[in-house]
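Undergrad: Pasting a structure below so you can have a look.
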Amino acid sequence: MIRELVCINCPVGCRLRVELEGEQVVSVSGNRCKRGESYGREECLDPRRTVTALARVSGSSRPLPVKTSRPVPKQKVMDCAAAAAGLTVQPPVEIGQVVLKNVAGTGADLLATDSAE
Amino acid sequence: MRQVDIAVVGGGSAGLAAAIAAKEAGAREVLVLEREDELGGILRQCIHNGFGLHRFKEELTGPEYASRYIAKARELGVEHMTGVTVLELGEGRTITAVGENGLIKLRAGAVVLATGCRERPRGALATPGTRPAGVYTAGAAQKLMNIGGFLPGRHVVILGSGDIGLIMARRFTLQGAKVEAVAEIMPYSSGLARNIAQCLDDFGIPLLLSHTVVDIKGRERVESVTIAEVDRNRKPIPGTEREIACDTLLLSVGLIPENELARAAGIELCPSTGGAAVDDSLETSMPGVFACGNALHVHDLVDNVSAESERAGRSAARFLLCGRREGRRAHLLQGEGVSGLVPQNLLLPAKEEVKLMFRPKKPLENAVFSVLCGGEELLRKNLPHALPGEMAEVVLPASLLPGEPRELTARLVGEEVL
């Protein structure tokens, strides 16, 4: 089977062709760099995304932007966003600070991507 | 009147990079004037990741990217004033601004205009229908959500497939709202392919190419929009109308460089880019005034804004320290297939390479970009895939340029795809 994908690693957006035999990736083509090959492989076997979302800050109307510390399984994306939305963080928060450990059971943490006072 | 070496108007990604580069190139007093209450510009509200892959070799969110530049500016001693709006740029590079403490008057050795861009508003589209609440530009909805902490709607239709619209389709979805569809009047998207993949396809949001909004219904709040397919001339095809129930319509229909200051100062503007006409050092028609970033021409990537703005900052520092460059200006014209060409003129004889930036007018395959001078081809470059949504860059080496000022023309020809 051939799967056609767009690589999401960078703005070039290479059109990838991934050749699959059952659960095995036979080849990846169309990529202009190594990242494309690993993306094509992973996207077919274990698709993952970095999730960016918003958490609440106690005593402030301005939300805190957060991201997962690493890409999480695609089917957990909505759970991670919901976990962030349900979270209220106590200020002050430093950029890069862990605000939630093991978000939605993914093993990844939620990190603040901005500071809050 | 206070005198500074370099005044930078705008403290977003362009202004910060220009100020840092000017300082590093030897300017002593560099002052950034920012209208908002904090530095960082539009990056503040772009909480998604994907910034900085070229610059930092890692994927950062907007606030993270901004924070690196803000920290660098602070470390180098770049001064800034926030909550200050520049009202006028006058003779002798005088600046009039207004802030909390009243009027501010400055004189600058050189000025960098880094005022960013605006979203094309709904009025510019002449969409029929009533005028209920719930119609937002994509960037306004982004600010409401990511800075203001509001959810602007629960059932959303997006008109236009620009990158901000695509990003907002995903933001709304992650925030628990339902995005019904993205309608794009052109037969192709102006957004990046990766954003279509990760913001629409990931969530099963349909992208309807060659479709537009023909009606908006609702009294107090949007209740539905009607979309229809369009023909080759972008006219709605009768009988293809479809009503979609929703409470929100987002517009992601393009960005326009913000140049009110430059216009009022009598600086020459370019109708194709909407920004100032500049030479190869990014100097405008007003000596010692430089332009960069989205105020000069709308970019796809912040990494490119930073790189370009560093050039503007270095050029401003050179003007300050060494005076205006010597040479004669030659026009660089847009020929067939090329739009938004920057720079619009260059100084000859050239001492350095000239970086050309432009957008293809149409999607082309196996395209050939060339620069012509009086029938002679100075440069030829193959572009296998040329898309209007992706700004192209071509470097013209100084050795290929004529010694005397002669008019140059850039051209792009290739096979049309559709």
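We label chains A, B, ... in the order they appear in the structure tokens, count residues from 1 in each chain, and number ligands from 1 in the order shown.
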Within 7 Å of chain B, which residues of chain A come that close, and what is the closest atom pair and distance in Å for each? Count only C-alpha atoms and give it as JSON lines.
TA:
{"residue": "A:Val6", "atom": "CA", "partner": "B:Arg194", "partner_atom": "CA", "distance": 6.1}
{"residue": "A:Cys7", "atom": "CA", "partner": "B:Arg194", "partner_atom": "CA", "distance": 6.4}
{"residue": "A:Ile8", "atom": "CA", "partner": "B:Arg194", "partner_atom": "CA", "distance": 4.7}
{"residue": "A:Pro11", "atom": "CA", "partner": "B:Arg194", "partner_atom": "CA", "distance": 6.6}
{"residue": "A:Gly13", "atom": "CA", "partner": "B:Arg194", "partner_atom": "CA", "distance": 5.2}
{"residue": "A:Thr52", "atom": "CA", "partner": "B:His48", "partner_atom": "CA", "distance": 5.5}
{"residue": "A:Ser61", "atom": "CA", "partner": "B:Gly149", "partner_atom": "CA", "distance": 6.0}
{"residue": "A:Arg62", "atom": "CA", "partner": "B:Gly148", "partner_atom": "CA", "distance": 5.5}
{"residue": "A:Pro63", "atom": "CA", "partner": "B:Gly149", "partner_atom": "CA", "distance": 5.5}
{"residue": "A:Pro65", "atom": "CA", "partner": "B:Ile47", "partner_atom": "CA", "distance": 6.0}
{"residue": "A:Met78", "atom": "CA", "partner": "B:Leu174", "partner_atom": "CA", "distance": 6.2}
{"residue": "A:Ala81", "atom": "CA", "partner": "B:Leu174", "partner_atom": "CA", "distance": 5.7}
{"residue": "A:Thr113", "atom": "CA", "partner": "B:Glu64", "partner_atom": "CA", "distance": 5.8}
{"residue": "A:Asp114", "atom": "CA", "partner": "B:Pro63", "partner_atom": "CA", "distance": 5.8}
Undergrad: Going by DSSP on the backbone, which bits of chain A are alpha helix (DSSP H)? Write them as a VMD selection string, please.
TA: chain A and resid 34 to 45 77 to 85
Undergrad: Now that the selection is made, can you save its residues with N, CA and C atoms as a PDB file, in the first residue's frame?
TA:
ATOM      1  N   LYS A  34      16.390  14.302   6.081  1.00  0.00           N
ATOM      2  CA  LYS A  34      16.241  13.103   6.920  1.00  0.00           C
ATOM      3  C   LYS A  34      15.002  13.149   7.794  1.00  0.00           C
ATOM      4  N   ARG A  35      14.647  14.385   8.215  1.00  0.00           N
ATOM      5  CA  ARG A  35      13.482  14.505   9.087  1.00  0.00           C
ATOM      6  C   ARG A  35      12.222  13.993   8.391  1.00  0.00           C
ATOM      7  N   GLY A  36      12.185  14.206   7.068  1.00  0.00           N
ATOM      8  CA  GLY A  36      11.025  13.758   6.292  1.00  0.00           C
ATOM      9  C   GLY A  36      10.898  12.256   6.313  1.00  0.00           C
ATOM     10  N   GLU A  37      12.023  11.578   6.216  1.00  0.00           N
ATOM     11  CA  GLU A  37      11.989  10.113   6.229  1.00  0.00           C
ATOM     12  C   GLU A  37      11.460   9.604   7.569  1.00  0.00           C
ATOM     13  N   SER A  38      11.980  10.167   8.671  1.00  0.00           N
ATOM     14  CA  SER A  38      11.510   9.665   9.970  1.00  0.00           C
ATOM     15  C   SER A  38      10.055  10.076  10.215  1.00  0.00           C
ATOM     16  N   TYR A  39       9.670  11.260   9.695  1.00  0.00           N
ATOM     17  CA  TYR A  39       8.258  11.654   9.842  1.00  0.00           C
ATOM     18  C   TYR A  39       7.352  10.673   9.091  1.00  0.00           C
ATOM     19  N   GLY A  40       7.710  10.363   7.853  1.00  0.00           N
ATOM     20  CA  GLY A  40       6.897   9.453   7.037  1.00  0.00           C
ATOM     21  C   GLY A  40       6.735   8.100   7.711  1.00  0.00           C
ATOM     22  N   ARG A  41       7.831   7.610   8.263  1.00  0.00           N
ATOM     23  CA  ARG A  41       7.841   6.325   8.958  1.00  0.00           C
ATOM     24  C   ARG A  41       6.941   6.388  10.199  1.00  0.00           C
ATOM     25  N   GLU A  42       7.190   7.400  11.029  1.00  0.00           N
ATOM     26  CA  GLU A  42       6.455   7.508  12.288  1.00  0.00           C
ATOM     27  C   GLU A  42       4.964   7.795  12.059  1.00  0.00           C
ATOM     28  N   GLU A  43       4.685   8.608  11.041  1.00  0.00           N
ATOM     29  CA  GLU A  43       3.287   8.982  10.785  1.00  0.00           C
ATOM     30  C   GLU A  43       2.449   7.754  10.423  1.00  0.00           C
ATOM     31  N   CYS A  44       3.082   6.751   9.815  1.00  0.00           N
ATOM     32  CA  CYS A  44       2.344   5.539   9.442  1.00  0.00           C
ATOM     33  C   CYS A  44       2.274   4.532  10.588  1.00  0.00           C
ATOM     34  N   LEU A  45       3.274   4.536  11.454  1.00  0.00           N
ATOM     35  CA  LEU A  45       3.334   3.516  12.499  1.00  0.00           C
ATOM     36  C   LEU A  45       2.823   4.026  13.851  1.00  0.00           C
ATOM     37  N   VAL A  77      -4.290  13.888  21.455  1.00  0.00           N
ATOM     38  CA  VAL A  77      -4.184  15.333  21.268  1.00  0.00           C
ATOM     39  C   VAL A  77      -5.327  16.077  21.956  1.00  0.00           C
ATOM     40  N   MET A  78      -6.576  15.621  21.724  1.00  0.00           N
ATOM     41  CA  MET A  78      -7.723  16.313  22.320  1.00  0.00           C
ATOM     42  C   MET A  78      -7.705  16.192  23.845  1.00  0.00           C
ATOM     43  N   ASP A  79      -7.261  15.040  24.348  1.00  0.00           N
ATOM     44  CA  ASP A  79      -7.177  14.861  25.805  1.00  0.00           C
ATOM     45  C   ASP A  79      -6.168  15.831  26.420  1.00  0.00           C
ATOM     46  N   CYS A  80      -5.052  16.030  25.726  1.00  0.00           N
ATOM     47  CA  CYS A  80      -4.030  16.954  26.240  1.00  0.00           C
ATOM     48  C   CYS A  80      -4.569  18.385  26.247  1.00  0.00           C
ATOM     49  N   ALA A  81      -5.278  18.759  25.173  1.00  0.00           N
ATOM     50  CA  ALA A  81      -5.844  20.113  25.104  1.00  0.00           C
ATOM     51  C   ALA A  81      -6.871  20.308  26.219  1.00  0.00           C
ATOM     52  N   ALA A  82      -7.681  19.278  26.463  1.00  0.00           N
ATOM     53  CA  ALA A  82      -8.700  19.370  27.515  1.00  0.00           C
ATOM     54  C   ALA A  82      -8.030  19.457  28.890  1.00  0.00           C
ATOM     55  N   ALA A  83      -6.951  18.713  29.082  1.00  0.00           N
ATOM     56  CA  ALA A  83      -6.238  18.763  30.364  1.00  0.00           C
ATOM     57  C   ALA A  83      -5.675  20.160  30.609  1.00  0.00           C
ATOM     58  N   ALA A  84      -5.156  20.792  29.551  1.00  0.00           N
ATOM     59  CA  ALA A  84      -4.632  22.160  29.685  1.00  0.00           C
ATOM     60  C   ALA A  84      -5.768  23.115  30.024  1.00  0.00           C
ATOM     61  N   ALA A  85      -6.901  22.971  29.326  1.00  0.00           N
ATOM     62  CA  ALA A  85      -8.035  23.877  29.533  1.00  0.00           C
ATOM     63  C   ALA A  85      -8.587  23.751  30.953  1.00  0.00           C
TER      64      ALA A  85
END
Undergrad: Counting only C-alpha atoms, what is within 7 Å of stretch 307-322 of chain B, bar same-chain residues fewer than 3 positions away, as a list in words?
TA: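 So, after excluding close chain neighbours, the residues are Ala14, Ala17, Ala18, Ala19, Ala21, Ala22, Ala25, Gly26, Ala27, Gly109, Ala110, Val111, Ser281, Leu282, Gly288, Phe290, Ala291, Cys292, Gly293, Asp303 and Asn304 of chain B.
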Undergrad: Could you save the residues just selected, with N, CA and C atoms, as a CSV table (one decimal), in the first residue's frame?
TA:
chain,number,residue,atom,x,y,z
B,14,ALA,N,10.3,42.0,13.7
B,14,ALA,CA,11.1,42.8,12.8
B,14,ALA,C,11.9,43.8,13.6
B,17,ALA,N,14.7,42.4,15.9
B,17,ALA,CA,15.9,41.9,15.2
B,17,ALA,C,16.7,43.0,14.6
B,18,ALA,N,16.0,44.1,14.1
B,18,ALA,CA,16.6,45.2,13.5
B,18,ALA,C,17.4,46.0,14.6
B,19,ALA,N,16.8,46.1,15.8
B,19,ALA,CA,17.5,46.9,16.9
B,19,ALA,C,18.7,46.1,17.4
B,21,ALA,N,20.6,44.0,15.7
B,21,ALA,CA,21.6,44.0,14.6
B,21,ALA,C,22.2,45.4,14.6
B,22,ALA,N,21.4,46.5,14.8
B,22,ALA,CA,22.0,47.8,14.7
B,22,ALA,C,23.0,48.0,15.9
B,25,ALA,N,26.1,46.2,15.3
B,25,ALA,CA,26.9,46.8,14.2
B,25,ALA,C,27.5,48.2,14.6
B,26,GLY,N,27.3,48.5,15.9
B,26,GLY,CA,28.1,49.7,16.4
B,26,GLY,C,27.2,50.9,16.8
B,27,ALA,N,25.9,50.9,16.6
B,27,ALA,CA,25.1,52.0,17.0
B,27,ALA,C,25.0,52.0,18.5
B,109,GLY,N,19.4,59.4,14.2
B,109,GLY,CA,20.4,59.4,13.2
B,109,GLY,C,20.0,58.5,12.0
B,110,ALA,N,19.2,57.5,12.3
B,110,ALA,CA,18.6,56.6,11.3
B,110,ALA,C,17.3,56.0,11.9
B,111,VAL,N,16.4,55.7,11.0
B,111,VAL,CA,15.1,55.1,11.5
B,111,VAL,C,14.8,53.8,10.8
B,281,SER,N,19.7,47.8,0.2
B,281,SER,CA,20.1,47.9,1.6
B,281,SER,C,18.8,48.1,2.5
B,282,LEU,N,17.6,48.0,1.8
B,282,LEU,CA,16.3,48.2,2.5
B,282,LEU,C,16.1,49.7,2.9
B,288,GLY,N,18.2,57.5,5.1
B,288,GLY,CA,18.3,57.2,6.5
B,288,GLY,C,17.1,56.5,7.1
B,290,PHE,N,14.8,53.2,6.9
B,290,PHE,CA,14.8,51.8,6.4
B,290,PHE,C,13.5,51.1,6.7
B,291,ALA,N,13.1,50.1,6.0
B,291,ALA,CA,11.9,49.3,6.2
B,291,ALA,C,12.2,47.8,6.2
B,292,CYS,N,11.5,47.1,7.0
B,292,CYS,CA,11.7,45.6,7.0
B,292,CYS,C,10.5,44.9,7.6
B,293,GLY,N,10.5,43.6,7.5
B,293,GLY,CA,9.4,42.7,8.1
B,293,GLY,C,8.2,42.9,7.3
B,303,ASP,N,11.1,33.5,10.7
B,303,ASP,CA,12.6,33.4,10.5
B,303,ASP,C,13.1,34.3,9.4
B,304,ASN,N,12.3,34.4,8.4
B,304,ASN,CA,12.7,35.3,7.3
B,304,ASN,C,12.6,36.8,7.6
Undergrad: Determine, counting only C-alpha atoms, which protein, DNA and RNA residues have an atom within 8 Å of an atom of A:Ser27; residues of the same chain fewer than 4 positions away are not included. Present the result as a list of chain:residue names.
TA: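 Counting only C-alpha atoms, the residues come to A:Val18, A:Glu19, A:Leu20.
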Undergrad: So which bits of chain A end up strand (DSSP E or B) when you DSSP the backbone, as a PyMOL selection string?
TA: chain A and resi 2-6+15-21+24-29+48-49+52-57+60-68+72-73+88-89+93+98-100+110-112+116
Undergrad: Set the distance at 6 Å and use only C-alpha atoms: which residues neighbour stretch 204-218 of chain B once local chain neighbours fewer than 3 positions away are removed? I'd like the list as a VMD selection string.
TA: chain B and resid 128 to 129 132 181 to 187 200 to 201 221 to 230
Undergrad: Give me, please, the distance in Å between atom CA of B:Val342 and atom CA of B:Val112, quoted to one decimal.
TA: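 Calculated distance between atom CA of B:Val342 and atom CA of B:Val112 is 16.5 Å.
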Undergrad: Leaving out B:Arg68 and any residue of its chain fewer than 6 positions from it, which residues lie within 10 Å of it when counting only C-alpha atoms, given as a PyMOL selection string?
TA: chain B and resi 40+56+74
Undergrad: Would you export the selected residues with N, CA, C and O atoms as a short mmCIF file (atom, residue, chain, number, x, y, z; two decimals), in the first residue's frame, please?
TA:
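So again25.cif came out as:
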data_model
loop_
_atom_site.label_atom_id
_atom_site.label_comp_id
_atom_site.auth_asym_id
_atom_site.auth_seq_id
_atom_site.Cartn_x
_atom_site.Cartn_y
_atom_site.Cartn_z
N GLY B 40 7.21 42.13 21.44
CA GLY B 40 6.95 40.80 20.89
C GLY B 40 5.99 40.81 19.71
O GLY B 40 5.97 39.88 18.91
N PHE B 56 16.89 28.83 14.97
CA PHE B 56 17.36 28.18 16.19
C PHE B 56 17.45 26.67 16.07
O PHE B 56 17.77 25.98 17.02
N ARG B 74 17.66 43.03 25.60
CA ARG B 74 17.91 43.51 26.95
C ARG B 74 19.40 43.37 27.29
O ARG B 74 20.03 44.30 27.79
#
Undergrad: Skipping near chain neighbours, those fewer than 5 positions away, what residues fall within 10 Å of B:Gln334 using only C-alpha atoms, listed as a PyMOL selection string?
TA: chain B and resi 272+339-342+344+358+371+408-412
Undergrad: The selected residues should be written to file as a CSV table (one decimal), in the first residue's frame (atoms: N, CA, C and O atoms).
TA:
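New file out_4.csv:
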chain,number,residue,atom,x,y,z
B,272,SER,N,2.7,46.9,-5.6
B,272,SER,CA,2.7,45.5,-5.7
B,272,SER,C,2.8,44.8,-4.3
B,272,SER,O,2.1,43.9,-3.9
B,339,SER,N,5.4,38.9,-8.8
B,339,SER,CA,4.7,39.9,-8.0
B,339,SER,C,5.4,40.1,-6.7
B,339,SER,O,6.2,39.3,-6.3
B,340,GLY,N,5.2,41.3,-6.1
B,340,GLY,CA,5.8,41.6,-4.8
B,340,GLY,C,7.3,41.6,-4.8
B,340,GLY,O,7.9,41.2,-3.8
B,341,LEU,N,7.9,42.1,-5.8
B,341,LEU,CA,9.4,42.0,-5.9
B,341,LEU,C,10.0,43.1,-5.0
B,341,LEU,O,9.6,44.2,-5.0
B,342,VAL,N,11.0,42.6,-4.2
B,342,VAL,CA,11.7,43.5,-3.3
B,342,VAL,C,13.2,43.1,-3.5
B,342,VAL,O,13.5,41.9,-3.5
B,344,GLN,N,12.9,47.2,-4.9
B,344,GLN,CA,12.4,47.9,-6.2
B,344,GLN,C,13.5,48.6,-6.9
B,344,GLN,O,13.3,48.9,-8.1
B,358,PHE,N,10.4,37.6,-4.0
B,358,PHE,CA,9.2,37.8,-4.8
B,358,PHE,C,8.2,36.7,-4.5
B,358,PHE,O,8.5,35.6,-3.9
B,371,VAL,N,16.8,37.4,-14.6
B,371,VAL,CA,16.9,38.8,-14.5
B,371,VAL,C,17.5,39.3,-15.8
B,371,VAL,O,18.6,38.8,-16.2
B,408,LEU,N,16.7,47.0,-14.8
B,408,LEU,CA,16.7,45.5,-14.7
B,408,LEU,C,15.3,45.0,-14.6
B,408,LEU,O,14.4,45.7,-14.0
B,409,THR,N,15.0,43.9,-15.2
B,409,THR,CA,13.7,43.3,-15.1
B,409,THR,C,13.7,41.8,-14.6
B,409,THR,O,14.6,41.1,-15.1
B,410,ALA,N,12.9,41.5,-13.7
B,410,ALA,CA,12.8,40.1,-13.2
B,410,ALA,C,11.6,39.4,-13.8
B,410,ALA,O,10.5,40.0,-13.9
B,411,ARG,N,11.8,38.2,-14.2
B,411,ARG,CA,10.7,37.5,-14.9
B,411,ARG,C,10.6,36.0,-14.4
B,411,ARG,O,11.6,35.4,-14.1
B,412,LEU,N,9.4,35.5,-14.4
B,412,LEU,CA,9.2,34.1,-14.1
B,412,LEU,C,8.3,33.4,-15.0
B,412,LEU,O,7.1,33.8,-15.2
Undergrad: May I ask which of the residues B:Ala177, B:Ala7, B:Ala71, B:Met168 is the closest one to B:Thr94, counting only C-alpha atoms?
TA: B:Ala7
Undergrad: Mind giving me the straight-line distance from atom CA of B:Glu180 to atom CA of B:Ser161 in Å, one decimal?
TA: 13.6 Å
Undergrad: When you count only C-alpha atoms, which of these residues is closest to B:Met391: A:Val57, A:Val12, A:Met1, A:Val25?
TA: A:Val12
Undergrad: For B:Ala262, which residue among B:Val86, B:Met1, B:Val394, B:Leu106 is the nearest when counting only C-alpha atoms?
TA: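 Of the candidates, the smallest distance to B:Ala262 is held by B:Val86.
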Undergrad: Select, from A:Lys76, A:Arg56, A:Arg48, A:Arg3, the residue with the minimum atom-to-atom distance to A:Gln90, counting only C-alpha atoms.
TA: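 That would be A:Arg56, the residue with the smallest distance to A:Gln90.
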